[in-house]
$ cat query34.cif   # mmCIF, C-alpha atoms
data_protein
#
loop_
_atom_site.group_PDB
_atom_site.id
_atom_site.type_symbol
_atom_site.label_atom_id
_atom_site.label_comp_id
_atom_site.auth_asym_id
_atom_site.auth_seq_id
_atom_site.Cartn_x
_atom_site.Cartn_y
_atom_site.Cartn_z
ATOM 1 C CA MET A 13 -8.331 -10.055 1.465
ATOM 2 C CA PHE A 14 -5.824 -11.668 3.839
ATOM 3 C CA ALA A 15 -3.089 -11.347 1.211
ATOM 4 C CA ALA A 16 -3.882 -7.645 0.797
ATOM 5 C CA VAL A 17 -3.845 -7.021 4.567
ATOM 6 C CA GLY A 18 -0.565 -8.921 4.832
ATOM 7 C CA GLY A 19 0.846 -6.822 2.013
ATOM 8 C CA PHE A 20 -0.331 -3.671 3.786
ATOM 9 C CA PHE A 21 1.532 -4.516 6.989
ATOM 10 C CA LEU A 22 4.598 -5.658 5.064
ATOM 11 C CA ASP A 23 4.726 -2.343 3.189
ATOM 12 C CA LEU A 24 4.239 -0.393 6.416
ATOM 13 C CA SER A 25 6.921 -2.404 8.236
ATOM 14 C CA LEU A 26 9.401 -1.888 5.400
ATOM 15 C CA ALA A 27 8.769 1.858 5.392
ATOM 16 C CA ILE A 28 9.145 2.173 9.189
ATOM 17 C CA ALA A 29 12.312 0.047 9.266
ATOM 18 C CA LEU A 30 13.880 2.085 6.476
ATOM 19 C CA LEU A 31 12.823 5.345 8.112
ATOM 20 C CA ALA A 32 14.356 4.370 11.461
ATOM 21 C CA GLY A 33 17.582 3.088 9.929
ATOM 22 C CA LEU A 34 18.085 6.044 7.598
ATOM 23 C CA SER A 35 17.280 8.556 10.351
ATOM 24 C CA LEU A 36 19.938 7.029 12.616
ATOM 25 C CA LEU A 37 22.452 7.021 9.772
ATOM 26 C CA GLY A 38 21.635 10.630 8.954
ATOM 27 C CA VAL A 39 22.072 11.817 12.530
ATOM 28 C CA ALA A 40 25.314 9.833 12.809
ATOM 29 C CA ALA A 41 26.577 11.352 9.556
ATOM 30 C CA VAL A 42 25.851 14.880 10.764
ATOM 31 C CA GLY A 43 27.624 14.189 14.062
ATOM 32 C CA PHE A 44 30.576 12.647 12.211
ATOM 33 C CA ALA A 45 30.831 15.703 9.945
ATOM 34 C CA GLN A 46 30.871 17.989 12.972
ATOM 35 C CA GLY A 47 33.543 15.802 14.544
ATOM 36 C CA LEU A 48 35.713 16.191 11.438
ATOM 37 C CA ARG A 49 35.419 19.938 11.869
ATOM 38 C CA GLY A 50 37.137 19.566 15.244
ATOM 39 C CA ILE A 51 34.066 19.954 17.450
ATOM 40 C CA ASP A 52 34.381 18.049 20.721
ATOM 41 C CA SER A 53 31.804 15.256 21.110
ATOM 42 C CA ALA A 54 30.506 16.823 24.323
ATOM 43 C CA GLN A 55 29.840 20.083 22.460
ATOM 44 C CA ILE A 56 28.131 18.625 19.402
ATOM 45 C CA ALA A 57 24.606 20.004 19.057
ATOM 46 C CA LEU A 58 22.491 19.163 16.042
ATOM 47 C CA ASP A 59 20.833 22.113 14.334
ATOM 48 C CA PRO A 60 17.025 21.601 14.443
ATOM 49 C CA LEU A 61 16.863 22.461 10.726
ATOM 50 C CA LEU A 62 19.399 19.712 9.998
ATOM 51 C CA LEU A 63 17.285 17.266 11.981
ATOM 52 C CA VAL A 64 14.247 18.233 9.907
ATOM 53 C CA VAL A 65 16.226 17.740 6.704
ATOM 54 C CA VAL A 66 17.501 14.347 7.878
ATOM 55 C CA SER A 67 13.962 13.301 8.790
ATOM 56 C CA LEU A 68 12.544 14.447 5.463
ATOM 57 C CA VAL A 69 15.257 12.751 3.419
ATOM 58 C CA ALA A 70 14.886 9.513 5.384
ATOM 59 C CA THR A 71 11.116 9.503 4.981
ATOM 60 C CA ALA A 72 11.327 10.395 1.294
ATOM 61 C CA ILE A 73 13.745 7.555 0.538
ATOM 62 C CA SER A 74 11.624 5.113 2.545
ATOM 63 C CA ALA A 75 8.417 6.109 0.763
ATOM 64 C CA LEU A 76 9.994 6.063 -2.695
ATOM 65 C CA PHE A 77 11.588 2.669 -2.056
ATOM 66 C CA VAL A 78 8.293 1.069 -0.972
ATOM 67 C CA TYR A 79 6.405 2.785 -3.794
ATOM 68 C CA TYR A 80 8.863 1.796 -6.507
ATOM 69 C CA PHE A 81 9.376 -1.810 -5.453
ATOM 70 C CA ARG A 82 5.959 -2.613 -3.994
ATOM 71 C CA ARG A 83 3.254 -0.649 -5.828
ATOM 72 C CA ASN A 84 4.648 1.432 -8.640
ATOM 73 C CA ALA A 85 2.103 3.165 -10.894
ATOM 74 C CA ASN A 86 2.400 2.389 -14.589
ATOM 75 C CA PRO A 87 2.346 5.133 -17.294
ATOM 76 C CA VAL A 88 -1.357 4.589 -18.006
ATOM 77 C CA GLU A 89 -2.281 5.003 -14.339
ATOM 78 C CA ARG A 90 -0.178 8.145 -14.038
ATOM 79 C CA ALA A 91 -1.772 9.662 -17.143
ATOM 80 C CA GLU A 92 -5.295 8.869 -15.912
ATOM 81 C CA SER A 93 -4.511 10.365 -12.517
ATOM 82 C CA TRP A 94 -3.300 13.592 -14.141
ATOM 83 C CA ARG A 95 -6.384 13.847 -16.384
ATOM 84 C CA ALA A 96 -8.733 13.222 -13.456
ATOM 85 C CA LEU A 97 -7.216 16.157 -11.597
ATOM 86 C CA TRP A 98 -8.664 18.594 -14.125
ATOM 87 C CA HIS A 99 -12.267 17.570 -13.636
ATOM 88 C CA ARG A 100 -14.184 20.386 -11.987
ATOM 89 C CA SER A 101 -15.421 18.066 -9.240
ATOM 90 C CA SER A 102 -11.833 17.204 -8.265
ATOM 91 C CA TRP A 103 -11.173 20.783 -7.197
ATOM 92 C CA GLY A 104 -14.405 20.805 -5.241
ATOM 93 C CA TRP A 105 -13.236 17.740 -3.290
ATOM 94 C CA ILE A 106 -9.875 19.397 -2.622
ATOM 95 C CA ALA A 107 -11.681 22.449 -1.204
ATOM 96 C CA PHE A 108 -13.956 20.213 0.866
ATOM 97 C CA ALA A 109 -10.980 18.365 2.380
ATOM 98 C CA LEU A 110 -9.228 21.638 3.261
ATOM 99 C CA ILE A 111 -12.327 23.070 4.933
ATOM 100 C CA ALA A 112 -13.017 19.834 6.838
ATOM 101 C CA CYS A 113 -9.405 19.467 8.053
ATOM 102 C CA SER A 114 -9.104 23.099 9.120
ATOM 103 C CA GLY A 115 -12.531 23.097 10.747
ATOM 104 C CA TYR A 116 -11.949 19.931 12.727
ATOM 105 C CA SER A 117 -8.485 21.066 13.841
ATOM 106 C CA ALA A 118 -9.983 24.358 15.075
ATOM 107 C CA VAL A 119 -12.745 22.538 16.983
ATOM 108 C CA VAL A 120 -10.248 20.163 18.617
ATOM 109 C CA SER A 121 -7.959 23.066 19.586
ATOM 110 C CA ALA A 122 -10.835 25.006 21.107
ATOM 111 C CA PHE A 123 -12.065 21.937 22.999
ATOM 112 C CA ALA A 124 -8.579 21.139 24.321
ATOM 113 C CA GLN A 125 -8.057 24.725 25.452
ATOM 114 C CA GLU A 126 -11.434 24.769 27.205
ATOM 115 C CA MET A 127 -10.700 21.475 28.987
ATOM 116 C CA GLY A 128 -7.066 22.348 29.796
ATOM 117 C CA ILE A 129 -5.685 19.482 27.691
ATOM 118 C CA ASP A 130 -2.175 19.775 26.243
ATOM 119 C CA ILE A 131 -2.222 18.905 22.533
ATOM 120 C CA THR A 132 1.281 20.043 21.639
ATOM 121 C CA PRO A 133 2.249 18.109 18.480
ATOM 122 C CA THR A 134 5.576 16.349 18.145
ATOM 123 C CA ASN A 135 6.492 18.625 15.246
ATOM 124 C CA GLN A 136 6.348 21.701 17.524
ATOM 125 C CA VAL A 137 10.038 22.236 16.659
ATOM 126 C CA LEU A 138 8.845 23.494 13.273
ATOM 127 C CA GLY A 139 7.426 26.598 14.905
ATOM 128 C CA GLU A 140 10.849 28.069 15.681
ATOM 129 C CA ILE A 141 12.443 26.828 12.459
ATOM 130 C CA ILE A 142 9.773 28.337 10.244
ATOM 131 C CA ARG A 143 10.452 31.731 11.788
ATOM 132 C CA THR A 144 14.199 31.509 11.141
ATOM 133 C CA HIS A 145 14.070 29.616 7.812
ATOM 134 C CA PRO A 146 10.582 30.318 6.430
ATOM 135 C CA ARG A 147 11.269 29.664 2.752
ATOM 136 C CA SER A 148 13.159 26.416 3.350
ATOM 137 C CA LEU A 149 10.521 24.987 5.640
ATOM 138 C CA LEU A 150 7.669 26.037 3.372
ATOM 139 C CA ILE A 151 9.320 24.154 0.510
ATOM 140 C CA PHE A 152 9.833 21.058 2.665
ATOM 141 C CA ALA A 153 6.480 21.060 4.458
ATOM 142 C CA VAL A 154 4.224 22.231 1.645
ATOM 143 C CA LEU A 155 5.783 20.859 -1.537
ATOM 144 C CA ILE A 156 8.011 17.901 -0.651
ATOM 145 C CA ALA A 157 6.605 16.168 2.450
ATOM 146 C CA PRO A 158 3.021 15.783 1.130
ATOM 147 C CA ALA A 159 4.360 14.200 -2.068
ATOM 148 C CA TYR A 160 6.159 11.270 -0.456
ATOM 149 C CA GLU A 161 3.528 10.862 2.265
ATOM 150 C CA GLU A 162 0.778 10.548 -0.343
ATOM 151 C CA LEU A 163 2.827 7.999 -2.265
ATOM 152 C CA LEU A 164 3.237 5.880 0.861
ATOM 153 C CA PHE A 165 -0.024 6.262 2.763
ATOM 154 C CA ARG A 166 -2.511 6.682 -0.064
ATOM 155 C CA ARG A 167 -0.988 5.130 -3.200
ATOM 156 C CA VAL A 168 0.747 2.160 -1.546
ATOM 157 C CA LEU A 169 -1.065 1.443 1.741
ATOM 158 C CA PHE A 170 -4.626 2.571 1.050
ATOM 159 C CA GLY A 171 -4.360 1.702 -2.633
ATOM 160 C CA ARG A 172 -3.440 -1.914 -1.940
ATOM 161 C CA LEU A 173 -6.666 -2.569 -0.015
ATOM 162 C CA TRP A 174 -8.701 -0.439 -2.420
ATOM 163 C CA ALA A 175 -7.483 -2.608 -5.296
ATOM 164 C CA ALA A 176 -8.424 -5.709 -3.274
ATOM 165 C CA GLY A 177 -12.021 -4.492 -2.976
ATOM 166 C CA ARG A 178 -11.752 -3.341 0.667
ATOM 167 C CA PRO A 179 -11.575 0.462 0.381
ATOM 168 C CA TRP A 180 -13.119 1.185 3.792
ATOM 169 C CA LEU A 181 -10.668 -1.134 5.502
ATOM 170 C CA GLY A 182 -7.952 0.669 3.571
ATOM 171 C CA VAL A 183 -9.227 4.025 4.810
ATOM 172 C CA ALA A 184 -9.262 2.795 8.422
ATOM 173 C CA LEU A 185 -5.836 1.132 8.430
ATOM 174 C CA SER A 186 -3.981 3.754 6.381
ATOM 175 C CA SER A 187 -5.484 6.580 8.466
ATOM 176 C CA ALA A 188 -4.465 4.863 11.695
ATOM 177 C CA ALA A 189 -0.938 4.378 10.329
ATOM 178 C CA PHE A 190 -0.840 8.031 9.235
ATOM 179 C CA ALA A 191 -1.784 9.171 12.759
ATOM 180 C CA LEU A 192 0.617 6.840 14.573
ATOM 181 C CA VAL A 193 3.584 7.753 12.370
ATOM 182 C CA HIS A 194 2.987 11.474 12.949
ATOM 183 C CA GLU A 195 2.470 11.031 16.699
ATOM 184 C CA PRO A 196 4.326 7.849 17.785
ATOM 185 C CA PRO A 197 3.006 6.453 21.093
ATOM 186 C CA GLY A 198 5.275 7.353 23.990
ATOM 187 C CA LEU A 199 7.512 9.604 21.910
ATOM 188 C CA GLY A 200 5.308 12.666 21.578
ATOM 189 C CA VAL A 201 5.099 15.712 23.799
ATOM 190 C CA SER A 202 1.427 15.153 24.612
ATOM 191 C CA SER A 203 -0.016 12.127 26.370
ATOM 192 C CA GLY A 204 -3.364 10.735 27.477
ATOM 193 C CA TRP A 205 -6.328 12.658 26.116
ATOM 194 C CA GLY A 206 -4.006 15.072 24.346
ATOM 195 C CA MET A 207 -2.443 12.251 22.344
ATOM 196 C CA LEU A 208 -5.879 10.806 21.516
ATOM 197 C CA LEU A 209 -7.054 14.187 20.228
ATOM 198 C CA LEU A 210 -3.956 14.574 18.075
ATOM 199 C CA TRP A 211 -4.465 11.067 16.697
ATOM 200 C CA SER A 212 -8.045 11.968 15.814
ATOM 201 C CA VAL A 213 -6.861 15.040 13.878
ATOM 202 C CA TYR A 214 -4.286 13.104 11.867
ATOM 203 C CA ALA A 215 -6.640 10.162 11.350
ATOM 204 C CA LEU A 216 -9.327 12.453 9.953
ATOM 205 C CA MET A 217 -6.795 14.018 7.607
ATOM 206 C CA GLY A 218 -5.673 10.598 6.413
ATOM 207 C CA ALA A 219 -9.259 9.449 5.917
ATOM 208 C CA LEU A 220 -10.194 12.563 3.947
ATOM 209 C CA PHE A 221 -7.145 12.343 1.697
ATOM 210 C CA ALA A 222 -7.827 8.662 1.044
ATOM 211 C CA TRP A 223 -11.501 9.374 0.366
ATOM 212 C CA ILE A 224 -10.896 12.121 -2.211
ATOM 213 C CA TYR A 225 -8.211 9.969 -3.859
ATOM 214 C CA ARG A 226 -10.789 7.230 -4.313
ATOM 215 C CA ARG A 227 -13.603 9.630 -5.191
ATOM 216 C CA THR A 228 -11.641 11.453 -7.905
ATOM 217 C CA GLY A 229 -9.327 8.687 -9.065
ATOM 218 C CA SER A 230 -6.386 11.075 -8.859
ATOM 219 C CA LEU A 231 -3.580 11.014 -6.308
ATOM 220 C CA TRP A 232 -2.931 14.617 -7.281
ATOM 221 C CA THR A 233 -6.107 15.699 -5.473
ATOM 222 C CA ALA A 234 -4.911 14.088 -2.233
ATOM 223 C CA TYR A 235 -1.484 15.682 -2.686
ATOM 224 C CA LEU A 236 -2.896 19.177 -3.274
ATOM 225 C CA ALA A 237 -5.287 18.870 -0.324
ATOM 226 C CA HIS A 238 -2.402 17.701 1.869
ATOM 227 C CA ALA A 239 -0.124 20.499 0.620
ATOM 228 C CA GLY A 240 -2.864 23.081 1.165
ATOM 229 C CA ASN A 241 -3.470 21.852 4.694
ATOM 230 C CA ASN A 242 0.253 22.061 5.495
ATOM 231 C CA LEU A 243 0.402 25.556 4.008
ATOM 232 C CA ILE A 244 -2.427 26.713 6.273
ATOM 233 C CA ALA A 245 -0.644 25.188 9.297
ATOM 234 C CA CYS A 246 2.665 26.852 8.389
ATOM 235 C CA LEU A 247 1.022 30.255 7.865
ATOM 236 C CA ALA A 248 -0.616 29.876 11.268
ATOM 237 C CA LEU A 249 2.795 29.247 12.821
ATOM 238 C CA LEU A 250 4.218 32.301 11.085
ATOM 239 C CA ALA A 251 1.316 34.406 12.345
#

$ encode --input "query34.cif" --output "structure tokens"
Amino acid sequence: MFAAVGGFFLDLSLAIALLAGLSLLGVAAVGFAQGLRGIDSAQIALDPLLLVVVSLVATAISALFVYYFRRNANPVERAESWRALWHRSSWGWIAFALIACSGYSAVVSAFAQEMGIDITPTNQVLGEIIRTHPRSLLIFAVLIAPAYEELLFRRVLFGRLWAAGRPWLGVALSSAAFALVHEPPGLGVSSGWGMLLLWSVYALMGALFAWIYRRTGSLWTAYLAHAGNNLIACLALLA
């Protein structure tokens, strides 16, 4: 078990280090490109959509790197995962995860509003972007982001402890990592109780996605549940 836990934290550390490094390089590259266009350094302002693209690319490369070099699925595993998706029960678990995520998010929002707690998520910038670039953001948030996040958090991180015979520890640790990466301590808009409530929302999502992955044996179910949840969130922002 200790080897599996060590591998978990090594994988997570590699992903975070790559994400931070690639994000800085991406922002620097965008600023450099604007400088070449003759824009004065004091006037350089990064387009929020470009920042989202940089973040997505950095996270995708990080997740794919850790997946490919640390816990790559073989052809047999990929084929079994695809077949398992088409079991009738798999779609029932996807629906269950969507209902549970949406329901819990609604309860937390109502509670926070009643108590006067600010639970503004760090990704609040997406609200304005989705109104100006709806199709682009829908593609990123609904189709692309869930794919690399499921590879990292469920296939690599949760899957390592699942394979070691400690699935519940895998659920706990991968869900905590999922929450902390989405709402980094000290870097988010919310704080105190607001941050704790946001962590609980993301942790529940991570736990549910890990659970249906284990229950169905298909990473596709976790991906579709994640994509569906993001679609609901994006449609809410558009509304």

$ closest_residue --input "query34.cif" --among "A:Ala219, A:Ile224, A:Ala112, A:Leu250" --to "Arg143 in chain A" --atoms "all atoms listed in the file"
A:Leu250

$ closest_atom_pairs --input "query34.cif" --of "range 151-245 of chain A" --to "range 69-83 of chain A" --cutoff "6 Å" --atoms "all atoms listed in the file" --output "Markdown table"
| residue | atom | partner | partner_atom | distance |
| --- | --- | --- | --- | --- |
| A:Tyr160 | CA | A:Ala72 | CA | 5.5 |
| A:Leu164 | CA | A:Ala75 | CA | 5.2 |
| A:Val168 | CA | A:Arg83 | CA | 5.7 |

$ resolve_selection --input "query34.cif" --expression "the PyMOL selection byres ((chain A and resi 215-218) around 7)" --output "PyMOL selection string"
chain A and resi 113+187-188+190-191+211-214+219-222

$ resolve_selection --input "query34.cif" --expression "the PyMOL selection byres ((chain A and resi 156) around 12)" --output "PyMOL selection string"
chain A and resi 65+68-69+71-73+75+148-155+157-163+235-236+238-239+242-243

$ atom_distance --input "query34.cif" --atom1 "CA of Arg147 in chain A" --atom2 "CA of Ala234 in chain A"
23.0 Å

$ resolve_selection --input "query34.cif" --expression "the PyMOL selection byres ((chain A and resi 15-18) around 9)" --output "list in words"
Met13, Phe14, Gly19, Phe20, Phe21, Leu22, Asp23, Arg172, Leu173, Ala175, Ala176, Arg178 and Gly182 of chain A

$ closest_residue --input "query34.cif" --among "A:Trp105, A:Phe170, A:Tyr116, A:Trp180" --to "Thr228 in chain A" --atoms "all atoms listed in the file"
A:Trp105

$ closest_residue --input "query34.cif" --among "A:Phe165, A:Trp205, A:Trp232, A:Trp223" --to "Pro179 in chain A" --atoms "all atoms listed in the file"
A:Trp223

$ atom_distance --input "query34.cif" --atom1 "CA of Asp130 in chain A" --atom2 "CA of Leu208 in chain A"
10.8 Å

$ atom_distance --input "query34.cif" --atom1 "CA of Ala107 in chain A" --atom2 "CA of Cys246 in chain A"
17.8 Å

$ residues_around --input "query34.cif" --residues "Gly33 in chain A" --least-positions-apart "2" --cutoff "12 Å" --atoms "only C-alpha atoms" --output "list in words"
Leu26, Ala27, Ile28, Ala29, Leu30, Leu31, Ser35, Leu36, Leu37, Gly38, Val39, Ala40, Val66, Ser67, Val69, Ala70, Thr71, Ile73 and Ser74 of chain A

$ closest_residue --input "query34.cif" --among "A:Leu24, A:Leu249, A:Leu181, A:Ala237" --to "Pro146 in chain A" --atoms "all atoms listed in the file"
A:Leu249

$ residues_near_point --input "query34.cif" --point "(-11.0, 13.5, -13.4)" --cutoff "10 Å" --atoms "all atoms listed in the file" --output "ChimeraX atom specification"
/A:92-103,227-230,233
